[in-house]
Structures are given as structure tokens and as C-alpha cells.
Amino acid sequence: MSVQSLTSPTASRSAIEKQSAEKKVVGIDQKLETRINIRDLEALMVAFKSQDDDDEESHVSLTRKQFCEALFRLLSRKGSKEEYGDLFDKIDVTKEGYVDWDKFASHMLLEFYEKDDRVKSTQVPQWKDLRILPSPHKDVITRMAFLKNLNRYISVSKEGTASVWDATLKLQRSMKTSTEGCRQRDLWVTHFAPLQNINKAALAFTSKEIAFYDLSSKVEFNCQYKVQGLPFTPLCLDYWSNPSNINEAILIWGDVGGCVNCLHFNSANIALFERPPAPAGEKQEATLNVPLLDVANSKYKNARYLKHSGHTEWAREVKFANHLEGVISCGTAWQNAVVIGWLEKTQNVYTGMRLSKFQISGGVNSIDYHEQMSLVATAGVNHQVCLWNPYVHTKPTGVLRGHMASVIQVQFNTSRGQLISFSKDKVLRIWDVQLQVCIQRLAGMFPKGPEVQSSLFFDEMRNKLFITFNYQMTLMAMKPEVKDKMLSHDKPVVAAIYNSVYNQVISACQSGTVIMWLIDTGQKVKQFTGTHGLAEVTTLEQDNSGTRLFTGSTDGTVKIWDFNGHCYHTLVCADGQPADIGQIVVLKRSVLIVGWEKHITVFRNNKFKDFHVPPEDWKGGQEHADDILSASYNGTNILATGSYDGEIVVWNTASEQGSKHLTQRARRLGNKSRGGTVASRLTSNSETRVGREGSVLGPPSPVSRAKSRISVLSSDDQNEYGNAVARLLFLDTRKTNSASGGANLVSCGGNGWVRFWNTSHCTLLAEFMAHDHAASIIMATDKSNQYLVTADVDGFIKVWNIAEYATHQVEDPVKDAPPMKAQWQPHTDIVNSLTICERNERLMIISSSSDCSVQLWDIYGNFIGYFGQEDHWKIEPYIPQQETDTEMKEEEHEEEMETVIEVDEDSQWEPDERATNNPSEYRIDTWGKTVLGKDYQELRVRKRERRQPQNIPNLPYLHWETTGHPPAGPFASLELKEMEHEKPVQKPDLMENSEKYFKNHIENDVDSEALKLPALAENLKQPWDEKNFFKKSLLDYEQKMKTYHLMKLTQDSDGSKKSRLMPNVPSSSSVLKVSQPQRTVQSPHRQNKTKLKPIVASRDGSSNGSDS
């Protein structure tokens, strides 16, 4: 078939450029498929189809080269030929070598489907943790609004208290409003409306008055006008100002009589009502009382009054629609549930209203209007949210079903095309208006209690949602969106672990999908789904051998898998009842499971015979007063468990008995269960139903505590529930330091605190707040325990250097934080797990989050990639720039020191003038003036140069495959030469003529007996002849000393005799004699075995020591 319609006559131009080996990461919006619009598709469809001679339509098939040339010409060069070639390869998955219109259209259709799914997933709002704001109100809050000109929030309650908050929601001022129409105790404020263009607020009172207060004053609210004489009590207010005419404005209110009233102002920026002149000599009154009857009778030129009585019961809410030039109101009666009053103009003056009535079963509590879509949303008493065309009142254009109670308020999010609805049972739903489906349901996170009056306000500019419950004010802030978000799973990821046996990362999401990834490339290896059916997976763990996986779920079971997806055993933890599995600890002979009870659930390996394995009793029983959240095992029969109240118990796994309790930061809650707390258990995009007491009501299963970690709701709750221990870690490298007082256990959790403990002495050594304003955090450490990595609910990760932190015992806990090495925010939602591993001499951090992604970073905060991205990565050794700069500075400093030392020579030394002139005040420079300082500098100069890592040299034996030479090992690179022939060695003359060099010193005439050794003397006490051996002067001196001692002994002879008669009672003189130095003549071998005696002189003058 001819292809001339697509390719030019010069189709034989140069071939397409070769694809590069390494592709760059291309964003979603940068793809070629996203740049092709509908006109390009129409042009391509016409070009792909051709007409035969018989006027029959046929399709053209193109090769890769023709396809690139054709698209390069037809699409006005929206992409390069390389991109067109990549597009051809994506379409031709079967490698047939050609592409026609059907293949091209199918590929583009799949791309558009994927894009729609991606857009829908990013449109689901992600909320931050719920906060309860400190409220000065004492009664039901009627409404909350934002003042654009003042950049302030304002709230008004029934008792008349008006509070102003700044943009950071700090209370600025709070004042009480009142009126003279009735007593203060009988007065209620039913509603209020901010007058944005003139910085005023209109308040409706039960005294049938509407008061206008000036908000510009920073001291107090001044009442400027008061409309009196209303026929009925006003219930709701609304205000509109003309953006093109600052003087035109309309105030609308509905009352208990079913009437909708309008005040049209034509000089609002000047004065709402004309003030009459004050009497002579009197001051002008601060408040102008305006009777409504005078306004209706046109006594005020700048205000005009209109009304209609379209409702049969109370008018619950009013809304002015500028696009419709009408007033929309609603009531709780089925008849005339919604009424639209179309304003009629005559010469730019409103003269009346024409009514359109909507009949809705059960009535309507609230309404909202979307100007761009021209839709009216109604919050029905019949549990339905309806979308109406304002011009068609017979049938709604859409019905949104899902609420199980009466819907009390609705509000459009125009920027996202969504609708927010809140029902009486405290369930918040977010709907996609175009698709008319619910995309998010939030429940169980709002304050519990009896029936309350609620109001909803969504600040679209700042993405903040306010919901009031009587006098309480709650805030939910929307997290910022991340464009082109990469997803590793379809649902939030609960855990990701590293397997060193296969060098893989295993991740699991809430829906039960388990995926294996290659850590070196990020490539998906395999996956298996539906691990726990419809139940939600909460945790993931592996055994010590790295060949079995453990998954825990909210159905109260733990399953054991191999890496092929085969389930071997099911551990039934809670007798078949739903349970929140928080953590799995695998020991040598047993498996411990915690998370939903106050005691430990144990499964012993010798019972793993059947598929369903029941638990056994833990011998130690219950030691905790609250639910156990975390546990850690150090490998030497020591287990630590942490509970929700902050208590840590240390166990002996051999005896299964609790040995020690760490309660320094624990809060005893008695028998109060965590189920009754007000802490939220909600994670983003999850649906739950929570009962009044906090118990889960049927399906779906309970939500995981481990992944929720939503912040507490108030300051009181923060103090009470901020001690939860979310993670425990033993520092394995500090096992020997625990006995000496160093920290060997780390805990983290409530309010962002990290604590270091010594389990031997049960002491708290250090604590610091790692993450400010964080409800709860998790942590992980490397094998050497040098770094501690923490993560919070906002997606932030911090790296701390703890190598020298809390290594010694202290009296008071250290409050200072260790050095922080790096911090960054890789995720936009809660970080559920952290794992540290080492690959290619780099410490890597694996993080998983509720934003459905699993990411890989290094310890310095360098991003490696997403698991599941199209382009694969390669982990290479990395030397941080900071350490390189430090080494360069040290080398420069050493060079400077060397230069200084070379100049300072000893030969040029001269004394300092200050030392000679004023020696009392002179201080010597130890570093440069002393020998010790100079020697130290010389040692620094002669310091060994640090060797940097280098590439492997290009040795032949490393590249034998390319060179063709057989591998011969490292010795093949040595060059060995043949040994040269050696000449015969001549003997030296010393050996030939020895008589020349040596003489015989033994004379022949010497008697041979003189050469014999002398015989030993008979007296063994004198082994040598002292007279011949020593000099005569020494012998004479010794003889004198012996004579002197003999005289002393003679004088003390009486005492010595007594000592012989009584040997057991030595005399004082004998003790003195023993201590004299003459005792050293005894044999050293008998010194420790014999008793010392006085020295007695012999007849020949020599002294002999007698044995006892």
C-alpha cells in the first residue's frame, strides 16, 4: 500500500539518531503523549487513512523510520525524532515492525485512561492531623468566616462573644456584644455576616434586631447602626458587594416567619444609612437606630427594602447568587424547600422578586451555589445531597447518596470541582461534582459525645477546613499537592523492609499487595496480592533467615509466606475477632505479637504443624497497664516492650518474666483503654466507622494504630496521651556500656520525643524533641549505631549523629539534642516505616509512606529514586562534599604551619623585649615559643597524608575477556627475567691462610693444671674467694663495719638471750635488728621461708646468719 500521503518524496533522508544509552528522567507533563492535543489526533487520523480507487477507506501501516518522519512533519516538531522512535517502540510491543492507526489509537486511549486515574488520585485531598483550637466561647458557635481586608478569622457564638484570630489561628481579641432591646440573659446571636468591603459585621439578635459593628478598631467593636422593628426574629444572614461598584451592596436575611428580606445599599462605602443632624449643643450618638418601617417607606435614600414570603416554615439559610441576580433560600419543610427569588430591576432599581419553588422530600438544611457550573447543592434532611439546575425545579441533575444521617451543611470547593458535605453523625464526605461520586470519607476523628450543633467553613484560599461542635472549634489543614507524584503502590504503604539474602526491598500496602524490588536498580521483581482478603494489612516482618515473610492485619491474623507467595501458616491472634496487629517480633524459637492488648501474644515454633496455629500463654502474664504498641529484642534473651501510657518493661525471654520497669516518663491511666481516647485513628483516604466508646462497629476492620499516629486534639489530651512509645530500639554496639551506665535502649513516639535509657540501672540518660509539633514519630538506626533516623507524620526525615551521645552515666537527663547531620521532606504524608541498609559503601534509607510511595535516599539526604519509576538507578560510592572540604582545609592549615616553622629557626632566636622589660606581666606563647609546642607542630607537619579512594588500576588480568588472554591471576602482571650466569666464587684469603690472622695465646710452658677451674670450697656459705675478687679497700671497709656491728650485738646480748628463751615473743630490740640491712646476706631462695635472726660474728670475722 502506498504511503505517499504520510511521507514526503525525500523519504530517503538521513536515518534517525541513535537512542542514548542513559535516558533522562521525564516528568509526566513532559511526555510526548501529553503534548498531543485533539487537533493533532485528527490530523494523524486523516493521514493514517487513505482512499483507494474504489472510494473505500483503508489504513496505512508505517515502519519505524516512516513513523518518525511522518510525525516529525505532521506534529509541527512537538518532539524530537528520538522521542517519536520511543513512542513507536511503546506502541509496537509485539515487535511486528509496523504501526497502524488502530495500534496508535489504542495506545493513546490507554495513556489517557492512565492520565485520568492519575489526576483522580492527586485530586483526593490529603489532610493534616486534626486540631482543636482553644476556644473563648461558652455557647454554640453560630458561624466562622474570614475577613479578607484584615487577614483575620472571626467567630461569633450565641452568647454574643465575638473572637478575632490571626492567619496562624492565634487568638487576637475577644469581646462581648449586647443590645438594649432585651436583657443580656435572654439575648442570643442567631447568625452574623461579614461586610468585606467596608470592614464591618452584621449580627442578628433574638431581639428582632440587626446590629452593624465596626471591625477596624483594635480596641473594641463599635456598634454604628442598628436596624430595629423586624417583624420576625432573623435566623440567617448573607452579604454581597458589587466588585465593579464599591458603593453597591445587598444584605439578605431569613427569619422564623419564612420570609426572605433584602436591604439594597447604593452608597455602602460612604454610609449604610444617612445620619440625621445632631441637635444644637449635643453630641452625635455613636449608634444610629434605624426602624425597618422607615426604610420600607423610603425615608433613607441610600437603602431600599425588599422581601418575599416563599417558605412555609423557618428560612434556614440564604445565599445571594450574583450570576443569577437572585436570592436562594431553603427551609426544612418539603413544600417550598428551596426558593429562588429573582430580583427584578426597573431603571437600575430593584422593585420586586419573582419566585421559583423546589419541592424536596424532608426539606433542606443548607445550600450552596457554584457560579461556574451554575449548580445549587442542597443538604437534605433525607440523607441525600442533591445538585440542581436553578432553571429546572422539577428534577435534580444529580443525587449524591452515601450519608447515613441528615446532612447539615454543604460547601463547594470551586478550585477542585468538589463538594464538601457534613452529616449529623459526624461524617465528612468529599464528592467529585463532575463524576458525582464520593472520593473521600472521613469519620471517627471528630470529638465524640452527645448530639451537638455544628457548622462548617472551608477557606478555599488557604485550604483550611473549620468544623465547630457547640463551643469547640476544630481545624483540618489540607496538605500541599505534589505534581507528577510517583506511586509505588495503589494504596498507602504500611511497611518496607530490606532482605539481605536476595538484596531486595519488600513493601506491603493496606490492600494486601506485597511487592519485591531490587535495591540496586529499583526494578520490580514480583508481587502477590490479596494477602488478607478485604482486611487491611498493618505490618510486615521477616524471619532471621530472610526466607519467610510475616504479614499482620486488622482481622486479627498473622500469615507466614515464602517469597513465591505461598502461605504456610495462619497465626490466629484474637480468637477470630478483629484486632490491631501493631508489631511482630521473631525470636529463635517463638514469634511475639503485640499491638491490641496489654499482654504479649506468643506462638512457639514447635506448634507450627497445622495451617491454623493458636496462641499460647506468655508465662510472665500482664505487666503493662495499657495496650502494648512496640517491642524490641537484642538477641541475648532481653526483650523490651513499650505501651501507650509510656511505660517500658524489660523481659527475660528465657523465663518470660518481667525484670525491670522504666516508668520515668510513664503516665498511669488505670483501667482506661485506648479505645476511649479522643486521639484520631484516621489515616488519609481511609474509611472507618467508630462507635461512641471508640470501638469499631463491624466492617471495615479496625484501623492500624501504627500507621495512624494522628496528633491529639487538645493540649490536655496532648499531656495525657503524648507519652505513647511508638518504637523501641536496642543499641547492639553498646551492650557492654550498659553495665557502666551508658544508654543501650532508645524509645520514641508521643509529641516527637526521643529518649535514651539504661536498662541495667533503669535510668533515663537523655531526651530531646526531634520533631516540633509532631504527634508521633518513628525511628531506625544502622548496625554500628552511629546514626539515628527519625520521621514524623508530615513526611519529614532527620538524621542524628549519636556515636558520642548518652555514652556515660549522668545525674540528670541530658536535654540537648545530638548533632543533626541532615533533614529533608521526601513524603507528603505519614512516614510509616524506616529501614537503614548498606550498599556499595553507602548507608541507604528506605522509607514508606501513606502517600503510596517507597523511596530510597542515602544518609546525607541525596535522593536515589522511587521504587517503581521507569528509569533504573545505580548505587555508586559517595564521598560527601563536606568531608572533602574539611580535609582540604586541614591540608592547607598544615602547609601554613609548615611555612611558619621553616621561618622560625633556633639560630635566630632572641629573647622577647617584654620578657626583659616587664617580666611580671609577660606571658609566654606556649604554641610557638616552647619546645613542646614546636615538636607538636612538627608532628602535625609530618602527619601521614590521607589517601583518597581511587579507581582500580587497569591491570591485564582484570580485562582478560576483552584482550583474549587467559586469566592467570595477579602474578601474571609481574615481569620476571631470566637469571644471569654467575661466576665461580673465590675463597677469601682469610680461609686460605688463617695462621696469618690468628695467634695461639696459650703458651706451651704454662702448666695445664693452671687452666683447670678451681674446686669449690668446703664451706658452702662462701662460694668464692672474696679477698681475690674485691679490692683491698672494699674489704677493709667491710671489716670495719662488721666490727662495729659486733660491738652493738655485744651490748644487746641480754635481750637476745631472752628472745632465745621465748622465741614466740620477740623483743623490741630483736625486731629492730631484723629490720636492719644485714638480713640481706641470707639466701634469696630461703628468704620467704625462714625467720630472720640477729647476725652473729664468727671467729674469722665473717658474719653468718643462723637458721631458726
# chains A, B, ... in the order shown; residues from 1 in each chain; ligands from 1
call {"tool": "residues_around", "arguments": {"residues": "Gln823 (chain A)", "least_positions_apart": "6", "cutoff": "9 Å", "atoms": "only C-alpha atoms", "output": "number ranges by chain"}}
result
A: 796-799, 860-861
call {"tool": "residues_around", "arguments": {"residues": "Leu765 (chain A)", "least_positions_apart": "4", "cutoff": "9 Å", "atoms": "only C-alpha atoms", "output": "mmCIF file with C-alpha atoms, in the first residue's frame"}}
result
data_model
loop_
_atom_site.group_PDB
_atom_site.id
_atom_site.type_symbol
_atom_site.label_atom_id
_atom_site.label_comp_id
_atom_site.auth_asym_id
_atom_site.auth_seq_id
_atom_site.Cartn_x
_atom_site.Cartn_y
_atom_site.Cartn_z
ATOM 1 C CA GLY A 741 25.940 3.437 82.899
ATOM 2 C CA GLY A 742 25.724 4.166 79.137
ATOM 3 C CA ALA A 743 22.494 4.094 77.146
ATOM 4 C CA ARG A 755 14.688 9.121 74.876
ATOM 5 C CA PHE A 756 17.858 7.166 75.714
ATOM 6 C CA TRP A 757 17.627 4.584 78.530
ATOM 7 C CA ASN A 758 19.975 2.371 80.526
ATOM 8 C CA ALA A 806 24.475 9.345 76.113
ATOM 9 C CA THR A 807 27.509 7.099 76.489
ATOM 10 C CA HIS A 808 28.111 7.851 80.191
ATOM 11 C CA GLN A 809 26.009 7.915 83.300
ATOM 12 C CA VAL A 810 24.699 11.320 84.397
ATOM 13 C CA GLU A 811 22.778 12.572 87.392
ATOM 14 C CA ASP A 812 20.082 14.451 85.451
ATOM 15 C CA PRO A 813 18.841 13.564 81.956
ATOM 16 C CA VAL A 814 20.543 15.461 79.139
#
call {"tool": "closest_residue", "arguments": {"among": "A:Ser415, A:Ser849, A:Thr663, A:Thr641", "to": "Ser833 (chain A)", "atoms": "only C-alpha atoms"}}
result
A:Ser849
call {"tool": "select_by_dssp", "arguments": {"residues": "region 420-602 of chain A", "states": "strand (DSSP E)", "output": "PyMOL selection string"}}
result
chain A and resi 420-423+427-432+437-443+454-459+464-469+472-477+493-499+504-509+514-518+524-528+537-542+549-553+557-561+567-572+583-586+590-594+601-602
call {"tool": "residues_around", "arguments": {"residues": "region 282-293 of chain A", "least_positions_apart": "5", "cutoff": "9 Å", "atoms": "only C-alpha atoms", "output": "count of residues only"}}
result
16
call {"tool": "atom_distance", "arguments": {"atom1": "CA of Thr736 (chain A)", "atom2": "CA of Ala780 (chain A)"}}
result
20.9 Å
